[in-house]
Structure formats: structure tokens, C-alpha cells
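**Q** Data: entry-v9.pdb, PDB, C-alpha atoms.
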```pdb
MODEL        1
ATOM      1  CA  ARG A   1     172.095 135.973 141.283
ATOM      2  CA  TYR A   2     172.545 133.064 143.661
ATOM      3  CA  PRO A   3     174.104 129.796 142.605
ATOM      4  CA  PHE A   4     171.701 126.922 142.144
ATOM      5  CA  LEU A   5     171.817 124.494 145.107
ATOM      6  CA  THR A   6     170.713 120.896 144.960
ATOM      7  CA  PHE A   7     170.044 118.888 148.105
ATOM      8  CA  THR A   8     169.941 115.131 148.213
ATOM      9  CA  VAL A   9     168.326 113.554 151.243
ATOM     10  CA  MET A  10     169.261 110.002 152.056
ATOM     11  CA  ALA A  11     166.326 107.595 152.237
ATOM     12  CA  ALA A  12     167.404 106.614 155.748
ATOM     13  CA  LEU A  13     166.620 110.147 156.915
ATOM     14  CA  ASN A  14     163.086 109.908 155.529
ATOM     15  CA  ARG A  15     162.171 106.492 156.862
ATOM     16  CA  PRO A  16     158.963 106.181 158.868
ATOM     17  CA  THR A  17     159.136 106.582 162.618
ATOM     18  CA  THR A  18     156.804 103.613 163.121
ATOM     19  CA  ALA A  19     156.519 100.340 161.258
ATOM     20  CA  THR A  20     153.918 100.049 158.530
ATOM     21  CA  TYR A  21     154.295  96.289 158.182
ATOM     22  CA  ASP A  22     154.515  93.066 160.165
ATOM     23  CA  ALA A  23     157.684  91.056 159.610
ATOM     24  CA  PRO A  24     157.478  87.896 161.754
ATOM     25  CA  HIS A  25     159.695  86.036 159.277
ATOM     26  CA  LEU A  26     162.699  88.270 159.981
ATOM     27  CA  THR A  27     164.845  86.683 162.663
ATOM     28  CA  THR A  28     168.346  87.309 163.875
ATOM     29  CA  SER A  29     170.701  85.580 166.273
ATOM     30  CA  LEU A  30     173.196  87.461 168.396
ATOM     31  CA  GLN A  31     176.617  85.885 168.316
ATOM     32  CA  THR A  32     178.567  86.891 171.420
ATOM     33  CA  SER A  33     182.203  86.074 172.138
ATOM     34  CA  ASP A  34     182.837  83.120 174.415
ATOM     35  CA  ASN A  35     186.196  82.856 176.159
ATOM     36  CA  GLU A  36     184.833  80.417 178.762
ATOM     37  CA  ASP A  37     186.424  82.413 181.552
ATOM     38  CA  HIS A  38     184.166  81.187 184.357
ATOM     39  CA  THR A  39     181.197  79.100 185.406
ATOM     40  CA  PHE A  40     178.863  79.824 188.321
ATOM     41  CA  SER A  41     175.158  79.856 189.130
ATOM     42  CA  GLY A  42     173.892  82.874 187.225
ATOM     43  CA  ILE A  43     174.390  86.044 185.234
ATOM     44  CA  LEU A  44     172.454  89.320 185.479
ATOM     45  CA  PHE A  45     172.815  91.952 182.736
ATOM     46  CA  PRO A  46     170.955  94.746 180.900
ATOM     47  CA  ILE A  47     169.939  94.574 177.250
ATOM     48  CA  SER A  48     168.733  97.600 175.259
ATOM     49  CA  VAL A  49     167.185  98.389 171.889
ATOM     50  CA  PRO A  50     168.304 101.493 169.958
ATOM     51  CA  THR A  51     165.796 104.292 169.456
ATOM     52  CA  SER A  52     166.541 104.468 165.719
ATOM     53  CA  LEU A  53     164.641 101.318 164.712
ATOM     54  CA  PRO A  54     161.396 102.044 162.845
ATOM     55  CA  VAL A  55     159.553  99.168 164.512
ATOM     56  CA  GLN A  56     156.947  98.923 167.235
ATOM     57  CA  TYR A  57     158.916  96.240 169.076
ATOM     58  CA  LEU A  58     161.408  93.377 168.753
ATOM     59  CA  THR A  59     160.464  89.979 170.149
ATOM     60  CA  LEU A  60     163.029  88.004 172.167
ATOM     61  CA  THR A  61     161.895  84.372 171.958
ATOM     62  CA  SER A  62     164.765  82.414 173.521
ATOM     63  CA  ILE A  63     168.137  82.657 175.218
ATOM     64  CA  TRP A  64     170.805  80.047 174.543
ATOM     65  CA  VAL A  65     173.228  78.968 177.279
ATOM     66  CA  ARG A  66     175.740  76.253 178.061
ATOM     67  CA  GLY A  67     177.297  74.697 181.150
ATOM     68  CA  HIS A  68     176.217  71.919 183.476
ATOM     69  CA  LEU A  69     172.826  73.719 183.593
ATOM     70  CA  GLY A  70     170.318  71.779 185.792
ATOM     71  CA  PRO A  71     167.151  73.562 187.032
ATOM     72  CA  MET A  72     167.200  76.799 185.014
ATOM     73  CA  THR A  73     165.170  79.998 185.315
ATOM     74  CA  VAL A  74     165.168  83.252 183.335
ATOM     75  CA  TRP A  75     163.877  86.512 184.821
ATOM     76  CA  CYS A  76     163.328  90.030 183.429
ATOM     77  CA  THR A  77     162.690  93.536 184.742
ATOM     78  CA  PRO A  78     160.310  96.170 183.429
ATOM     79  CA  ASP A  79     161.839  98.867 181.212
ATOM     80  CA  LEU A  80     164.727 100.444 183.142
ATOM     81  CA  ASN A  81     164.389 103.635 181.068
ATOM     82  CA  SER A  82     160.957 104.410 182.511
ATOM     83  CA  PRO A  83     160.091 105.496 186.054
ATOM     84  CA  ASP A  84     158.363 103.161 188.481
ATOM     85  CA  PRO A  85     154.664 104.163 188.302
ATOM     86  CA  SER A  86     154.167 103.700 192.051
ATOM     87  CA  THR A  87     157.076 105.977 193.081
ATOM     88  CA  GLY A  88     157.933 108.047 190.002
ATOM     89  CA  VAL A  89     161.606 107.154 190.589
ATOM     90  CA  GLN A  90     163.789 105.952 187.706
ATOM     91  CA  ARG A  91     164.172 102.156 187.817
ATOM     92  CA  GLN A  92     167.635 100.695 188.455
ATOM     93  CA  LEU A  93     169.023  97.222 187.779
ATOM     94  CA  SER A  94     168.647  95.502 191.132
ATOM     95  CA  SER A  95     169.077  92.082 192.727
ATOM     96  CA  ASP A  96     165.829  92.595 194.669
ATOM     97  CA  PRO A  97     163.529  89.669 193.652
ATOM     98  CA  SER A  98     160.441  91.896 193.759
ATOM     99  CA  SER A  99     161.847  93.791 190.730
ATOM    100  CA  TRP A 100     161.833  90.683 188.539
ATOM    101  CA  THR A 101     159.334  88.450 186.689
ATOM    102  CA  ARG A 102     160.128  84.819 185.877
ATOM    103  CA  ILE A 103     159.721  84.104 182.163
ATOM    104  CA  TYR A 104     161.273  80.631 181.955
ATOM    105  CA  ALA A 105     161.714  77.564 184.171
ATOM    106  CA  GLY A 106     162.977  74.177 183.039
ATOM    107  CA  GLN A 107     165.298  71.268 183.792
ATOM    108  CA  HIS A 108     168.314  70.669 181.531
ATOM    109  CA  GLY A 109     171.056  68.062 181.421
ATOM    110  CA  PRO A 110     174.730  68.983 181.235
ATOM    111  CA  SER A 111     175.795  70.691 178.015
ATOM    112  CA  PRO A 112     179.247  72.189 178.612
ATOM    113  CA  ARG A 113     180.088  72.599 174.889
ATOM    114  CA  THR A 114     176.753  72.906 173.047
ATOM    115  CA  LEU A 115     174.340  75.821 173.456
ATOM    116  CA  VAL A 116     170.868  74.921 174.765
ATOM    117  CA  PRO A 117     167.778  77.104 174.117
ATOM    118  CA  LEU A 118     165.682  78.463 176.973
ATOM    119  CA  PRO A 119     162.377  79.408 175.274
ATOM    120  CA  LEU A 120     160.801  82.444 176.933
ATOM    121  CA  ASP A 121     157.138  82.257 177.922
ATOM    122  CA  PRO A 122     155.881  84.771 177.223
ATOM    123  CA  PRO A 123     158.407  86.062 174.686
ATOM    124  CA  LEU A 124     159.698  89.531 175.534
ATOM    125  CA  LYS A 125     158.580  92.499 173.441
ATOM    126  CA  LEU A 126     161.253  95.194 173.477
ATOM    127  CA  ALA A 127     160.301  98.632 172.172
ATOM    128  CA  PRO A 128     162.885 100.951 170.591
ATOM    129  CA  GLY A 129     164.619 102.912 173.345
ATOM    130  CA  SER A 130     163.827 100.316 175.999
ATOM    131  CA  LYS A 131     166.360  98.747 178.366
ATOM    132  CA  ILE A 132     165.554  95.715 180.509
ATOM    133  CA  GLY A 133     167.438  93.501 182.916
ATOM    134  CA  LEU A 134     167.828  89.770 182.242
ATOM    135  CA  TYR A 135     168.834  87.270 184.924
ATOM    136  CA  ILE A 136     169.650  83.670 184.013
ATOM    137  CA  HIS A 137     170.060  81.304 186.965
ATOM    138  CA  SER A 138     170.542  77.645 187.895
ATOM    139  CA  THR A 139     169.961  76.020 191.282
ATOM    140  CA  LEU A 140     172.406  73.223 190.401
ATOM    141  CA  PRO A 141     174.776  72.660 193.376
ATOM    142  CA  GLY A 142     178.401  73.636 192.778
ATOM    143  CA  ASP A 143     179.919  76.257 190.521
ATOM    144  CA  GLN A 144     179.650  74.876 186.972
ATOM    145  CA  ALA A 145     176.048  75.658 185.997
ATOM    146  CA  LEU A 146     176.520  78.551 183.523
ATOM    147  CA  VAL A 147     179.437  79.701 181.393
ATOM    148  CA  TYR A 148     180.170  83.445 181.333
ATOM    149  CA  ASP A 149     183.142  85.714 180.644
ATOM    150  CA  ASN A 150     185.055  88.422 182.464
ATOM    151  CA  TYR A 151     184.585  91.952 181.148
ATOM    152  CA  CYS A 152     187.770  93.909 180.621
ATOM    153  CA  GLY A 153     186.621  96.832 178.498
ATOM    154  CA  ARG A 154     184.382  99.858 178.666
ATOM    155  CA  GLY A 155     180.888 100.436 177.365
ATOM    156  CA  CYS A 156     178.768  97.726 175.820
ATOM    157  CA  VAL A 157     179.754  94.127 175.332
ATOM    158  CA  TYR A 158     177.878  93.437 172.130
ATOM    159  CA  THR A 159     175.956  95.735 169.836
ATOM    160  CA  ASP A 160     174.392  95.499 166.406
ATOM    161  CA  GLU A 161     171.573  97.318 164.618
ATOM    162  CA  TYR A 162     168.953  95.633 166.852
ATOM    163  CA  VAL A 163     170.228  95.299 170.421
ATOM    164  CA  THR A 164     173.024  96.111 172.834
ATOM    165  CA  ILE A 165     174.107  93.719 175.577
ATOM    166  CA  HIS A 166     175.729  95.548 178.494
ATOM    167  CA  PRO A 167     178.175  94.222 181.125
ATOM    168  CA  GLY A 168     176.548  92.679 184.171
ATOM    169  CA  HIS A 169     177.103  90.646 187.318
ATOM    170  CA  SER A 170     177.711  86.960 187.863
ATOM    171  CA  HIS A 171     175.864  85.257 190.683
ATOM    172  CA  VAL A 172     177.707  82.755 192.881
ATOM    173  CA  SER A 173     174.716  81.460 194.831
ATOM    174  CA  ASN A 174     172.585  78.542 193.704
ATOM    175  CA  ARG A 175     169.605  80.204 195.425
ATOM    176  CA  PRO A 176     167.858  82.646 193.020
ATOM    177  CA  PHE A 177     168.686  86.224 194.075
ATOM    178  CA  GLY A 178     170.582  84.845 197.084
ATOM    179  CA  SER A 179     172.767  87.444 198.808
ATOM    180  CA  THR A 180     175.357  85.076 200.334
ATOM    181  CA  SER A 181     177.887  83.266 198.166
ATOM    182  CA  MET A 182     178.018  79.488 197.917
ATOM    183  CA  TRP A 183     180.997  79.571 200.307
ATOM    184  CA  GLY A 184     178.880  81.103 203.091
ATOM    185  CA  TRP A 185     180.707  84.445 203.218
ATOM    186  CA  GLY A 186     181.053  87.488 200.986
ATOM    187  CA  SER A 187     178.687  88.913 198.420
ATOM    188  CA  ALA A 188     177.087  86.538 195.944
ATOM    189  CA  TRP A 189     177.350  89.154 193.156
ATOM    190  CA  ARG A 190     180.509  89.744 191.086
ATOM    191  CA  SER A 191     180.571  92.836 188.855
ATOM    192  CA  GLY A 192     182.311  93.118 185.491
ATOM    193  CA  ARG A 193     180.921  89.927 183.979
ATOM    194  CA  VAL A 194     179.573  89.211 180.502
ATOM    195  CA  PHE A 195     176.792  87.025 179.143
ATOM    196  CA  VAL A 196     178.126  84.685 176.412
TER
ENDMDL
END
```
Could you write out this file's structure as C-alpha cells?
**A**
Amino acid sequence: RYPFLTFTVMAALNRPTTATYDAPHLTTSLQTSDNEDHTFSGILFPISVPTSLPVQYLTLTSIWVRGHLGPMTVWCTPDLNSPDPSTGVQRQLSSDPSSWTRIYAGQHGPSPRTLVPLPLDPPLKLAPGSKIGLYIHSTLPGDQALVYDNYCGRGCVYTDEYVTIHPGHSHVSNRPFGSTSMWGWGSAWRSGRVFV
């Protein structure tokens, strides 16, 4: 005779693989750390959605920033986890303007202490398992447009059950996607930076 075995399966293991409901009333805000390490013209970074969410997509409606701001734009890439349909090659996060689509443009007054929303038009729909690039930029002269932090760790910068924000690059040119720094020499991109 064999002993009687009982198995208990957690409900989380039996959850649907796709959503069976619409939940537009569920919203969340990502609270990132803000050490106010630096200010410059822009920040470029990847954001990803875990594959474990039983939803069709998450909608990113706005990004909040602070600094002296000025003429602001927000740009996004297609899913970096899928190959480019024209070449079949895996997409990479790039500073090439042809890889990006502008999803916000607006003028803002200085707001060095208070976060200001940049409403995305259209809002971004992020499917589980997707990873996109975001680039937030200001053409304001000088180096105080956007606040960002240095990145001193490994792996992701912020993660919760919905999204992961990865380390990125600051941009020290007030020309969108500009390759020369505001000082006229050296690269305009600084690695190891964090969106706050």
C-alpha cells in the first residue's frame, strides 16, 4: 500500500494567462528615489514589463519630471525584445533618432522641486514581456533642464509587480539626439544614469 498524498496548488499557479476583464480604474504610480545628483538636458532609459502579469497590456499615460524644464519632448522605441521586421535583427537601445517616435511635446516653466506631468499622446501600451526605450529631453539652454541621479549599483533601478526601470544614459546636449556635448567636445551621452 502507498501512503495517501495530498497536493495543494496555489491559486497563483492556476491564474489565467490572459486577462478576462477590463480594469481601467486600477492605477499605480512608480515612486523612484531622487538624490538630485545632476541636471542636464535629457535621460534615455529602458523600461520593461514582467512576463508574469495576466494582462493584455499596461497603459503608461504620463511621466512626471522636475528641473528647469522648458521645451520638453518624450520619445519611445518599439519593443526592444522583438526583432526589427525589416532586418530580422534584435533591436537595441540606440541614440539614432530614426529608432524613436515622439509621444509628447510641450512647454513648461521652471519646477526644480515639484514634479510636473508630461501626458503621453498616445499613451503607451506595454504588453507583458515587452521592453521599450524612453527618452525625455529639453531644448532649454544650459544644464539644469532635468533632474536625474547617478547609478552606482547593478541590475535594475526600480522594480515592482508591474514594471522595471533600468539604468540609462543622461544627455548633455540641448539638441534632441545630439551627438556633441553642450561644451562642443566629447560625447553627449553619459552612461550609468537613472531616471528619477
**Q** Could you tell me which of A:Pro122, A:Gly109, A:Pro54, A:Gly178 comes closest to Leu140 in chain A if we count all atoms listed in the file?
**A**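 For Leu140 in chain A, the nearest of the candidates is A:Gly109.
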**Q** When the PyMOL selection byres ((chain A and resi 68) around 9) is applied to the structure above, which residues does it catch, written out as JSON, numbers by chain?
**A** {"A": [39, 66, 67, 69, 70, 108, 109, 110, 111, 112, 140, 144, 145, 146, 147]}
**Q** Hey, can you check how far CA of Val49 in chain A sits from CA of Pro176 in chain A?
**A**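 Value for the CA of Val49 in chain A-CA of Pro176 in chain A distance: 26.4 Å.
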**Q** Quick one: distance from CA of Leu126 in chain A to CA of Leu60 in chain A in Å, one decimal?
**A** 7.5 Å
**Q** Just the residues within 12 Å of range 136-139 of chain A, please, counting only C-alpha atoms, with nothing from its chain fewer than 3 positions along; format it as a count of residues only.
**A** 59
**Q** Rounded to one decimal, what separation in Å do you get between CA of Ser99 in chain A and CA of Pro128 in chain A?
**A** 21.4 Å
**Q** Could you give me, as JSON, numbers by chain, the residues within 10 Å of Leu58 in chain A, counting only C-alpha atoms and dropping anything in the same chain fewer than 5 positions from it?
**A** {"A": [24, 27, 49, 53, 123, 124, 125, 126, 127, 128, 162, 163]}
**Q** Near range 87-91 of chain A, counting all atoms listed in the file, which residues have an atom at most 12 Å away, once you skip same-chain residues fewer than 4 positions from it, shown as a list in words?
**A** Thr77, Pro78, Asp79, Leu80, Asn81, Ser82, Pro83, Asp96, Ser99, Trp100, Ser130, Lys131, Ile132 and Gly133 of chain A
**Q** Would you please work out which residue, of A:Ser94, A:Thr164, A:Ile47, A:Pro119, is nearest to Ser179 in chain A when using only C-alpha atoms?
**A**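 Looking only at the distances to Ser179 in chain A, the closest residue turns out to be A:Ser94.
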